[in-house]
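Printed here is query-v9.tsv (TSV, C-alpha atoms):
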```tsv
chain	number	residue	atom	x	y	z
A	1	MET	CA	14.21	25.56	-24.53
A	2	THR	CA	14.76	27.47	-27.78
A	3	THR	CA	11.79	29.75	-27.33
A	4	PRO	CA	13.15	33.24	-27.83
A	5	LEU	CA	13.32	34.79	-24.40
A	6	THR	CA	13.29	38.47	-23.85
A	7	GLY	CA	16.29	39.92	-22.09
A	8	ALA	CA	14.28	40.75	-18.99
A	9	GLU	CA	13.13	37.17	-18.52
A	10	HIS	CA	16.69	35.97	-18.80
A	11	ALA	CA	18.10	38.49	-16.37
A	12	GLU	CA	15.42	38.21	-13.72
A	13	PRO	CA	16.55	35.07	-11.86
A	14	ALA	CA	20.19	36.16	-12.00
A	15	ALA	CA	19.30	39.47	-10.40
A	16	THR	CA	17.44	37.95	-7.44
A	17	VAL	CA	19.98	35.21	-6.77
A	18	PRO	CA	22.98	36.21	-4.71
A	19	ALA	CA	26.25	34.72	-5.93
A	20	ALA	CA	26.58	32.66	-2.76
A	21	VAL	CA	23.45	30.60	-3.36
A	22	PRO	CA	24.44	27.08	-4.48
A	23	ARG	CA	22.71	25.38	-7.40
A	24	THR	CA	19.86	23.73	-5.58
A	25	LEU	CA	17.52	20.98	-6.69
A	26	ILE	CA	14.37	20.11	-4.79
A	27	ILE	CA	13.56	16.42	-5.30
A	28	ILE	CA	9.94	15.44	-4.72
A	29	PRO	CA	9.20	11.71	-4.83
A	30	ALA	CA	5.52	11.42	-5.73
A	31	TRP	CA	3.18	8.48	-6.02
A	32	ASN	CA	-0.42	9.23	-6.98
A	33	GLU	CA	-0.19	12.78	-5.66
A	34	SER	CA	-1.85	14.70	-8.49
A	35	ALA	CA	-4.22	16.30	-5.95
A	36	SER	CA	-1.47	18.05	-4.00
A	37	ILE	CA	1.59	18.17	-6.25
A	38	ALA	CA	0.74	21.41	-8.09
A	39	GLY	CA	0.16	23.23	-4.80
A	40	VAL	CA	3.47	22.01	-3.38
A	41	ILE	CA	5.40	23.06	-6.50
A	42	GLY	CA	3.64	26.43	-6.62
A	43	GLU	CA	4.51	27.09	-2.99
A	44	ILE	CA	8.16	26.18	-3.53
A	45	GLY	CA	8.33	28.41	-6.60
A	46	ALA	CA	6.88	31.34	-4.65
A	47	ALA	CA	9.07	30.90	-1.56
A	48	LEU	CA	12.31	29.87	-3.31
A	49	PRO	CA	12.65	31.39	-6.79
A	50	PHE	CA	16.30	30.29	-7.03
A	51	VAL	CA	15.75	26.51	-6.91
A	52	ASP	CA	14.89	23.93	-9.57
A	53	VAL	CA	12.19	21.40	-8.82
A	54	LEU	CA	12.33	17.78	-9.91
A	55	VAL	CA	9.33	15.53	-9.39
A	56	VAL	CA	10.06	11.81	-9.56
A	57	ASP	CA	6.76	10.22	-10.49
A	58	ASP	CA	7.06	6.78	-8.92
A	59	GLY	CA	4.83	4.84	-11.30
A	60	SER	CA	1.67	6.80	-10.50
A	61	ARG	CA	-1.63	5.75	-12.01
A	62	ASP	CA	-2.99	9.26	-11.98
A	63	ASP	CA	-1.55	12.22	-13.89
A	64	THR	CA	1.01	13.27	-11.28
A	65	ALA	CA	3.76	13.79	-13.88
A	66	ALA	CA	1.53	15.91	-16.14
A	67	ALA	CA	0.35	18.00	-13.18
A	68	ALA	CA	3.97	18.53	-12.12
A	69	LYS	CA	5.00	19.65	-15.60
A	70	GLN	CA	2.00	21.95	-15.77
A	71	ALA	CA	3.12	23.54	-12.50
A	72	GLY	CA	6.56	24.22	-13.95
A	73	ALA	CA	8.65	21.39	-12.52
A	74	THR	CA	10.79	18.85	-14.34
A	75	ALA	CA	9.16	15.43	-14.13
A	76	LEU	CA	10.83	12.04	-14.35
A	77	SER	CA	8.38	9.18	-14.79
A	78	LEU	CA	9.33	5.74	-13.56
A	79	PRO	CA	7.58	2.96	-15.50
A	80	TYR	CA	6.47	1.23	-12.29
A	81	ASN	CA	6.53	1.81	-8.57
A	82	LEU	CA	9.99	1.51	-6.97
A	83	GLY	CA	9.23	2.99	-3.56
A	84	VAL	CA	10.58	6.20	-2.04
A	85	GLY	CA	14.16	4.89	-1.96
A	86	GLY	CA	14.14	4.01	-5.66
A	87	ALA	CA	12.60	7.34	-6.61
A	88	MET	CA	15.16	9.23	-4.52
A	89	ARG	CA	18.11	7.39	-6.04
A	90	LEU	CA	16.88	8.45	-9.45
A	91	GLY	CA	16.52	12.01	-8.16
A	92	TYR	CA	20.10	12.02	-6.87
A	93	ARG	CA	21.30	10.58	-10.17
A	94	TYR	CA	19.63	13.45	-11.98
A	95	ALA	CA	21.17	15.93	-9.53
A	96	ARG	CA	24.63	14.43	-10.05
A	97	ASP	CA	24.35	14.38	-13.85
A	98	HIS	CA	23.15	17.99	-13.97
A	99	GLY	CA	25.79	19.33	-11.63
A	100	TYR	CA	23.70	20.44	-8.67
A	101	ASP	CA	25.54	21.45	-5.48
A	102	VAL	CA	22.66	20.76	-3.13
A	103	ALA	CA	19.74	18.35	-3.25
A	104	ILE	CA	16.76	18.71	-0.93
A	105	GLN	CA	14.12	16.04	-0.49
A	106	VAL	CA	10.59	17.30	0.05
A	107	ASP	CA	7.42	15.22	0.34
A	108	ALA	CA	4.69	15.58	-2.25
A	109	ASP	CA	1.84	15.65	0.26
A	110	GLY	CA	2.50	19.19	1.42
A	111	GLN	CA	3.58	18.42	5.00
A	112	HIS	CA	7.00	20.03	4.51
A	113	ASP	CA	7.02	23.82	4.57
A	114	PRO	CA	9.42	25.24	1.96
A	115	ALA	CA	9.95	28.25	4.22
A	116	TYR	CA	12.42	26.07	6.15
A	117	VAL	CA	14.58	25.38	3.09
A	118	PRO	CA	16.86	28.44	3.59
A	119	LYS	CA	17.51	27.19	7.14
A	120	LEU	CA	18.44	23.76	5.78
A	121	LEU	CA	20.77	25.46	3.29
A	122	ASP	CA	22.39	27.44	6.11
A	123	GLY	CA	22.89	24.19	8.00
A	124	LEU	CA	24.86	22.79	5.08
A	125	SER	CA	27.74	25.16	5.79
A	126	GLU	CA	28.41	23.09	8.92
A	127	ALA	CA	27.17	19.66	7.89
A	128	SER	CA	26.94	17.45	4.82
A	129	LEU	CA	23.42	16.30	5.60
A	130	VAL	CA	20.79	18.45	7.32
A	131	ILE	CA	17.52	16.96	8.53
A	132	GLY	CA	14.35	18.98	9.03
A	133	ALA	CA	13.29	17.39	12.30
A	134	ARG	CA	10.12	17.20	14.31
A	135	PHE	CA	10.26	16.83	18.12
A	136	ALA	CA	13.09	19.35	18.24
A	137	GLY	CA	11.20	22.11	19.99
A	138	GLU	CA	9.19	23.47	17.14
A	139	GLY	CA	5.64	22.34	16.36
A	140	ASP	CA	3.29	20.19	18.40
A	141	TYR	CA	3.42	16.96	16.43
A	142	GLU	CA	3.04	13.94	18.68
A	143	VAL	CA	3.09	10.17	18.27
A	144	HIS	CA	2.23	7.44	20.75
A	145	GLY	CA	2.68	3.73	21.36
A	146	PRO	CA	4.92	1.46	19.30
A	147	ARG	CA	5.50	4.13	16.69
A	148	LYS	CA	6.93	6.40	19.36
A	149	TRP	CA	9.12	3.61	20.77
A	150	ALA	CA	10.42	2.93	17.27
A	151	MET	CA	11.28	6.58	16.69
A	152	SER	CA	12.88	6.90	20.14
A	153	MET	CA	14.98	3.80	19.57
A	154	LEU	CA	16.16	5.02	16.17
A	155	SER	CA	16.99	8.50	17.36
A	156	PHE	CA	18.77	7.19	20.48
A	157	VAL	CA	21.03	4.81	18.57
A	158	ILE	CA	21.71	7.11	15.64
A	159	SER	CA	22.29	10.17	17.84
A	160	ARG	CA	24.97	8.24	19.76
A	161	LEU	CA	26.53	7.18	16.48
A	162	ALA	CA	26.52	10.73	15.13
A	163	ARG	CA	27.57	12.25	18.49
A	164	THR	CA	24.88	14.89	18.02
A	165	LYS	CA	21.20	14.96	18.94
A	166	LEU	CA	18.95	13.75	16.14
A	167	THR	CA	15.29	13.65	17.17
A	168	ASP	CA	13.66	12.66	13.87
A	169	THR	CA	15.72	10.14	11.97
A	170	THR	CA	12.89	9.05	9.68
A	171	SER	CA	12.16	12.56	8.44
A	172	GLY	CA	11.87	12.80	4.67
A	173	PHE	CA	12.75	16.51	4.74
A	174	ARG	CA	16.50	16.67	4.28
A	175	ALA	CA	19.21	18.50	2.40
A	176	CYS	CA	22.60	17.18	1.34
A	177	ASN	CA	25.68	18.53	-0.36
A	178	ARG	CA	27.49	17.53	-3.55
A	179	GLU	CA	29.60	14.79	-1.94
A	180	LEU	CA	26.51	13.01	-0.67
A	181	ILE	CA	24.65	13.54	-3.95
A	182	GLU	CA	27.44	11.58	-5.60
A	183	LEU	CA	27.26	8.86	-2.94
A	184	PHE	CA	23.46	8.58	-3.08
A	185	ALA	CA	23.35	8.52	-6.90
A	186	ASP	CA	25.23	5.22	-6.82
A	187	TRP	CA	24.19	3.87	-3.49
A	188	TYR	CA	20.77	4.41	-2.05
A	189	PRO	CA	18.90	1.73	-0.09
A	190	VAL	CA	15.52	0.86	-1.52
A	191	GLU	CA	14.08	-1.15	1.36
A	192	TYR	CA	11.42	0.26	3.63
A	193	LEU	CA	13.05	2.68	6.14
A	194	GLY	CA	16.41	2.01	4.51
A	195	ASP	CA	16.11	5.29	2.64
A	196	THR	CA	16.06	7.25	5.89
A	197	VAL	CA	17.75	5.10	8.56
A	198	GLU	CA	20.42	3.37	6.54
A	199	THR	CA	21.47	6.48	4.61
A	200	LEU	CA	21.99	8.22	7.95
A	201	VAL	CA	24.08	5.38	9.37
A	202	ARG	CA	26.20	5.20	6.21
A	203	THR	CA	26.64	8.98	6.08
A	204	ILE	CA	27.83	9.05	9.69
A	205	ARG	CA	30.13	6.06	9.20
A	206	LEU	CA	31.77	7.84	6.26
A	207	HIS	CA	32.50	10.73	8.65
A	208	HIS	CA	30.16	13.22	7.02
A	209	PRO	CA	28.76	15.54	9.68
A	210	VAL	CA	24.98	15.39	10.15
A	211	ALA	CA	22.87	18.15	11.70
A	212	GLN	CA	19.21	18.87	12.27
A	213	ILE	CA	17.02	21.94	12.06
A	214	PRO	CA	13.79	22.01	14.07
A	215	VAL	CA	10.75	22.28	11.81
A	216	THR	CA	6.99	22.23	12.10
A	217	MET	CA	5.33	19.71	9.86
A	218	ARG	CA	1.86	20.44	8.61
A	219	GLN	CA	-1.15	18.24	8.11
A	220	ARG	CA	-0.94	16.34	4.86
A	221	GLN	CA	-2.95	17.95	2.09
A	222	SER	CA	-4.08	14.52	0.93
A	223	GLY	CA	-3.89	10.95	2.16
A	224	THR	CA	-4.17	9.68	5.72
A	225	PRO	CA	-1.36	8.43	7.94
A	226	SER	CA	-1.68	4.83	9.11
A	227	GLN	CA	-2.82	4.74	12.72
A	228	SER	CA	-3.86	1.17	13.53
A	229	PRO	CA	-2.00	-0.44	16.49
A	230	ALA	CA	-1.11	-3.53	14.43
A	231	LYS	CA	0.52	-1.36	11.80
A	232	ALA	CA	2.36	0.61	14.48
A	233	MET	CA	3.66	-2.66	15.95
A	234	LEU	CA	4.77	-3.80	12.51
A	235	TYR	CA	6.48	-0.46	12.05
A	236	LEU	CA	8.43	-1.00	15.28
A	237	GLY	CA	9.57	-4.43	14.06
A	238	ARG	CA	10.62	-3.14	10.69
A	239	ALA	CA	12.40	-0.17	12.22
A	240	PHE	CA	14.37	-2.48	14.49
A	241	PHE	CA	15.21	-4.79	11.61
A	242	ALA	CA	16.27	-1.88	9.39
A	243	LEU	CA	18.49	-0.51	12.15
A	244	VAL	CA	20.17	-3.86	12.88
A	245	LEU	CA	20.82	-4.40	9.18
A	246	ALA	CA	22.16	-0.88	8.71
A	247	LEU	CA	24.51	-1.23	11.68
A	248	SER	CA	25.75	-4.64	10.53
A	249	ARG	CA	26.68	-3.38	7.07
A	250	ARG	CA	30.09	-1.84	6.69
B	1	MET	CA	12.46	-56.23	-9.56
B	2	HIS	CA	9.14	-54.38	-9.87
B	3	LEU	CA	10.54	-51.63	-7.67
B	4	THR	CA	13.51	-51.11	-9.96
B	5	ILE	CA	11.22	-50.78	-12.99
B	6	LEU	CA	9.12	-48.12	-11.24
B	7	THR	CA	12.01	-46.02	-9.91
B	8	GLY	CA	14.17	-46.51	-12.99
B	9	ALA	CA	11.37	-45.44	-15.35
B	10	THR	CA	10.61	-42.36	-13.23
B	11	ALA	CA	14.29	-41.38	-13.23
B	12	LEU	CA	14.60	-41.91	-16.98
B	13	VAL	CA	11.56	-39.69	-17.67
B	14	LEU	CA	13.01	-37.00	-15.38
B	15	VAL	CA	16.45	-37.06	-17.03
B	16	GLY	CA	14.85	-37.04	-20.48
B	17	PHE	CA	12.74	-34.02	-19.53
B	18	ILE	CA	15.75	-32.08	-18.17
B	19	PHE	CA	17.80	-32.92	-21.23
B	20	GLU	CA	14.99	-31.76	-23.50
B	21	LEU	CA	14.74	-28.43	-21.66
B	22	VAL	CA	18.50	-27.88	-21.98
B	23	ARG	CA	18.44	-28.91	-25.64
B	24	ARG	CA	15.74	-26.34	-26.38
B	25	ARG	CA	17.68	-23.72	-24.42
B	26	ARG	CA	14.82	-23.26	-21.98
B	27	LEU	CA	17.27	-23.56	-19.08
B	28	ARG	CA	20.37	-21.45	-18.81
B	29	GLU	CA	23.54	-23.52	-18.75
B	30	LYS	CA	24.35	-22.75	-15.10
B	31	TYR	CA	21.04	-24.26	-13.99
B	32	ALA	CA	21.23	-27.03	-16.57
B	33	VAL	CA	24.42	-28.42	-15.03
B	34	LEU	CA	22.78	-28.47	-11.60
B	35	TRP	CA	19.69	-30.30	-12.80
B	36	ILE	CA	21.64	-32.78	-14.92
B	37	VAL	CA	23.68	-33.73	-11.86
B	38	VAL	CA	20.43	-34.17	-9.94
B	39	GLY	CA	18.99	-36.23	-12.80
B	40	VAL	CA	22.01	-38.54	-12.92
B	41	GLY	CA	21.82	-39.01	-9.15
B	42	VAL	CA	18.13	-39.86	-9.36
B	43	LEU	CA	18.83	-42.25	-12.23
B	44	ALA	CA	21.51	-44.07	-10.26
B	45	LEU	CA	19.16	-44.27	-7.29
B	46	GLY	CA	16.33	-45.47	-9.53
B	47	LEU	CA	18.30	-48.25	-11.19
B	48	TYR	CA	19.84	-49.50	-7.94
B	49	PRO	CA	17.23	-48.63	-5.30
B	50	HIS	CA	18.94	-50.83	-2.73
B	51	GLY	CA	22.38	-49.33	-3.31
B	52	ILE	CA	21.41	-46.35	-1.19
B	53	ASN	CA	21.47	-48.54	1.94
B	54	THR	CA	25.14	-49.38	1.35
B	55	VAL	CA	25.96	-45.72	0.80
B	56	SER	CA	24.09	-44.53	3.87
B	57	ARG	CA	25.81	-47.09	6.07
B	58	MET	CA	29.10	-45.59	4.87
B	59	PHE	CA	27.90	-42.21	6.20
B	60	GLY	CA	26.72	-43.77	9.45
B	61	VAL	CA	23.02	-43.40	8.63
B	62	ALA	CA	21.07	-46.54	9.49
B	63	ASN	CA	18.31	-46.23	6.91
B	64	GLY	CA	18.77	-45.34	3.24
B	65	ALA	CA	15.41	-43.55	3.10
B	66	SER	CA	16.50	-41.17	5.87
B	67	LEU	CA	19.59	-40.17	3.93
B	68	VAL	CA	17.55	-39.56	0.78
B	69	LEU	CA	15.02	-37.43	2.66
B	70	PHE	CA	17.70	-35.50	4.49
B	71	SER	CA	19.69	-34.69	1.34
B	72	ALA	CA	16.51	-33.87	-0.61
B	73	VAL	CA	15.33	-31.37	2.01
B	74	LEU	CA	18.77	-29.80	2.21
B	75	PHE	CA	19.03	-29.60	-1.55
B	76	LEU	CA	15.58	-28.04	-2.00
B	77	LEU	CA	16.31	-25.52	0.73
B	78	MET	CA	19.46	-24.46	-1.07
B	79	VAL	CA	17.65	-24.23	-4.40
B	80	CYS	CA	15.00	-21.97	-2.79
B	81	LEU	CA	17.69	-19.76	-1.27
B	82	HIS	CA	19.46	-19.54	-4.56
B	83	LEU	CA	16.25	-18.56	-6.37
B	84	SER	CA	15.52	-15.83	-3.79
B	85	TRP	CA	19.02	-14.53	-4.36
B	86	GLU	CA	18.52	-14.57	-8.11
B	87	VAL	CA	15.18	-12.74	-7.84
B	88	SER	CA	16.77	-10.02	-5.67
B	89	ARG	CA	19.53	-9.61	-8.22
B	90	LEU	CA	17.04	-9.40	-11.08
B	91	GLU	CA	15.01	-6.80	-9.17
B	92	ASP	CA	18.15	-4.70	-8.79
B	93	GLU	CA	18.79	-4.97	-12.49
B	94	THR	CA	15.24	-4.07	-13.53
B	95	ARG	CA	15.37	-1.16	-11.09
B	96	VAL	CA	18.38	0.27	-12.91
B	97	LEU	CA	16.57	-0.21	-16.22
B	98	ALA	CA	13.51	1.61	-14.88
B	99	GLU	CA	15.69	4.55	-13.80
B	100	GLU	CA	17.40	4.57	-17.16
B	101	THR	CA	14.09	4.62	-19.08
B	102	ALA	CA	12.82	7.50	-16.94
B	103	LEU	CA	15.96	9.55	-17.66
B	104	LEU	CA	15.83	8.70	-21.36
B	105	ARG	CA	12.13	9.53	-21.62
B	106	LEU	CA	12.81	12.99	-20.21
B	107	ARG	CA	15.64	13.55	-22.70
B	108	VAL	CA	13.54	12.35	-25.63
B	109	ASP	CA	10.70	14.67	-24.61
B	110	ASP	CA	13.15	17.59	-24.35
B	111	ILE	CA	14.64	16.86	-27.76
B	112	ALA	CA	11.21	16.42	-29.34
B	113	ALA	CA	10.08	19.73	-27.86
B	114	ARG	CA	13.23	21.45	-29.12
B	115	ASP	CA	12.80	20.00	-32.60
B	116	SER	CA	9.18	21.02	-32.93
B	117	GLU	CA	9.83	24.65	-31.87
B	118	PRO	CA	11.61	25.95	-35.01
B	119	GLN	CA	9.07	24.15	-37.18
B	120	ARG	CA	6.21	25.90	-35.50
B	121	GLU	CA	7.97	29.23	-35.87
B	122	ARG	CA	8.45	28.65	-39.58
B	123	GLU	CA	4.77	27.83	-39.91
B	124	ARG	CA	3.88	31.00	-38.09
B	125	ALA	CA	6.15	33.02	-40.35
B	126	THR	CA	4.68	31.63	-43.57
B	127	SER	CA	1.04	31.97	-42.56
```

Spit out the file's structure as C-alpha cells when you get a sec.
Amino acid sequence: MTTPLTGAEHAEPAATVPAAVPRTLIIIPAWNESASIAGVIGEIGAALPFVDVLVVDDGSRDDTAAAAKQAGATALSLPYNLGVGGAMRLGYRYARDHGYDVAIQVDADGQHDPAYVPKLLDGLSEASLVIGARFAGEGDYEVHGPRKWAMSMLSFVISRLARTKLTDTTSGFRACNRELIELFADWYPVEYLGDTVETLVRTIRLHHPVAQIPVTMRQRQSGTPSQSPAKAMLYLGRAFFALVLALSRR
Amino acid sequence: MHLTILTGATALVLVGFIFELVRRRRLREKYAVLWIVVGVGVLALGLYPHGINTVSRMFGVANGASLVLFSAVLFLLMVCLHLSWEVSRLEDETRVLAEETALLRLRVDDIAARDSEPQRERERATS
C-alpha cells in the first residue's frame, strides 16, 4: 500500500474511468479452483480495468487464495467450507464495509464471460438486481430431463412473482446495487439453491425491480457438471423444496 | 419387592449421574434442569413402579406401561428436535465467526505488509 507510486501509475485508472462508472466489486466465490482462478481474474482485469476483484476462498485445500493474490485480486480465506451462499454473504459484507456501489457475482470456473459485465451494469439503471441469464436467446446451452423441469418450474413461478420474464433463476452471474449489497451483507441464505432462488424471491418481495440480460455461458475451464439422472432428480426435489420454503418465508 | 429394588436402584444411579454432571459443570444449566426433572420422574417411577397404573387410569390409559412408552417416545422426539435446533443455531454462530476470521486475516496481512515496507526501504537505504 505504501509503496511509492509514480504519478503516472496513480493517474492511469482515473483517466480511463469515466465519472459515471460506479465503484464496482466483482465477487468470485472459489472452492479448489486454483487451476482456473488466475485465468478468470486476468480476463476480468483485461476486459474491465475499472473494477476491483475479490476472491472468497471457501476453505479450499489447494492454493486458490495464493493464486488469486498472485493474479492481483484481493483474497478472503474462509477457514472451512461454507458453501456458495456463505462465501457470497462474506463477499457482500466486504462490499458493504468498503463502500462499493455495485457488486457482481462471477463464477471461478470461467463459464461467465466478463465481456457481459458492462451490460449488467447498464441494466442496473433500471433494476436493483440484474441476472446474466441463459435460455434468453443468446447461446445454445441446453438441459434435459428433471433438471430442465426444475429450471422451468423455478423460472415460471419467479417470473410471475417478478412480473417480468426470468429464464435462468439459478444463474450465478448477477449484479446488484448498493441497497441490495446492504441487504445481502446481513441476510443471505446459505442452503443449497437458497443463494439463488431465495434471494430472488426476497428481492422481489421487497419491491426491488429485477431484470435479466441474455448471456452465453462457456464451457467450464475445470470441473465437470453433474449429469447422472439420479442427481438430476434430486436437484428437482431440492429446487422444489427451496422454492416452497422461499415462498413461505415472509 | 424385587421389582422395586431393581427400578429404584436404576433410577438412583441415573439421578446420581445427572447430578454429578451438573456439579462438574459438564451440562449447561438449561439442560441440567430438564434432565433433573426427568431424573426425579424416573426416581418416583422406580420407587413406586405400580403407582403408574393409578396415574394412567386418571388419564384414561388402561395400561401403565403404555403411558410410560408413549410419554418416553414423545419426550425423546422433542429432545431430538431441540438438539437439531441447537445445532443449526451453533452452525449459524460458527459461520459468523468464520466470516469474521477471514476479514480479520485480510486486515492483519495488510497491516503486516504495510509495516514491513518502510523497514525494507530503510534496509535498502543503508546498504

- Close residues, Gly42 of chain A itself excluded, 12 Å, only C-alpha atoms, min 3 positions apart in chain, as a list in words: Ser36, Ile37, Ala38, Gly39, Gly45, Ala46, Ala47, Leu48, Pro49, Asp52, Val53, Ala67, Ala68, Lys69, Gln70, Ala71, Gly72, Ala73, Ala108, Gly110, Asp113 and Pro114 of chain A

- Message: What does the structure give for the distance between atom CA of Gly86 of chain A and atom CA of Thr94 of chain B, in Å to one decimal?
- Response: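 Those two atoms sit 11.3 Å apart.
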
- Task: Please return, as a count of residues only, all residues of chain A lying within 6 Å of chain B when all atoms listed in the file are considered.
- Result: 4

Using only C-alpha atoms, which residues sit within 7 Å of segment 83-85 of chain A once same-chain residues fewer than 5 positions away are excluded, as a PDB file with C-alpha atoms, in the coordinates of the input?
```
ATOM      1  CA  PRO A  29       9.200  11.710  -4.830  1.00  0.00           C
ATOM      2  CA  ASP A  58       7.060   6.780  -8.920  1.00  0.00           C
ATOM      3  CA  TYR A 188      20.770   4.410  -2.050  1.00  0.00           C
ATOM      4  CA  PRO A 189      18.900   1.730  -0.090  1.00  0.00           C
ATOM      5  CA  VAL A 190      15.520   0.860  -1.520  1.00  0.00           C
ATOM      6  CA  GLU A 191      14.080  -1.150   1.360  1.00  0.00           C
ATOM      7  CA  ASP A 195      16.110   5.290   2.640  1.00  0.00           C
TER       8      ASP A 195
END
```

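The gap separating atom CA of Leu200 of chain A from atom CA of Arg249 of chain A is 12.5 Å, in Å to one decimal.
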
Please return the centre and edge lengths, in Å to one decimal, of a box with edges along x, y and z that contains all listed atoms of segment 183-191 of chain A, widened by 8 Å on every side, as JSON.
```
{"center_x": 20.7, "center_y": 3.9, "center_z": -2.8, "size_x": 29.2, "size_y": 26.0, "size_z": 24.3}
```

- Mind listing whatever residues come within 12 Å of the point (21.1, -46.4, -11.0)? Use all atoms listed in the file, file coordinates, and give them as a PyMOL selection string. chain B and resi 4-5+7-12+39-52

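Shortest atom-to-atom contact with Met217 of chain A among A:Pro229, A:Gly237, A:Gly145, A:Gly132: A:Gly132, counting all atoms listed in the file.
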
- Task: Just the residues within 10 Å of Trp35 of chain B, please, counting all atoms listed in the file, with nothing from its chain fewer than 3 positions along; format it as a count of residues only.
- Result: 14

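Straight-line separation from atom CA of Leu77 of chain B to atom CA of Tyr235 of chain A: 29.2 Å.
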
- Message: Using only C-alpha atoms and a cutoff of 6 Å, can you tell me which residues are near (13.0, 13.3, 3.4) in the file's coordinates, and write them out as a PyMOL selection string?
- Response: chain A and resi 105-106+171-174
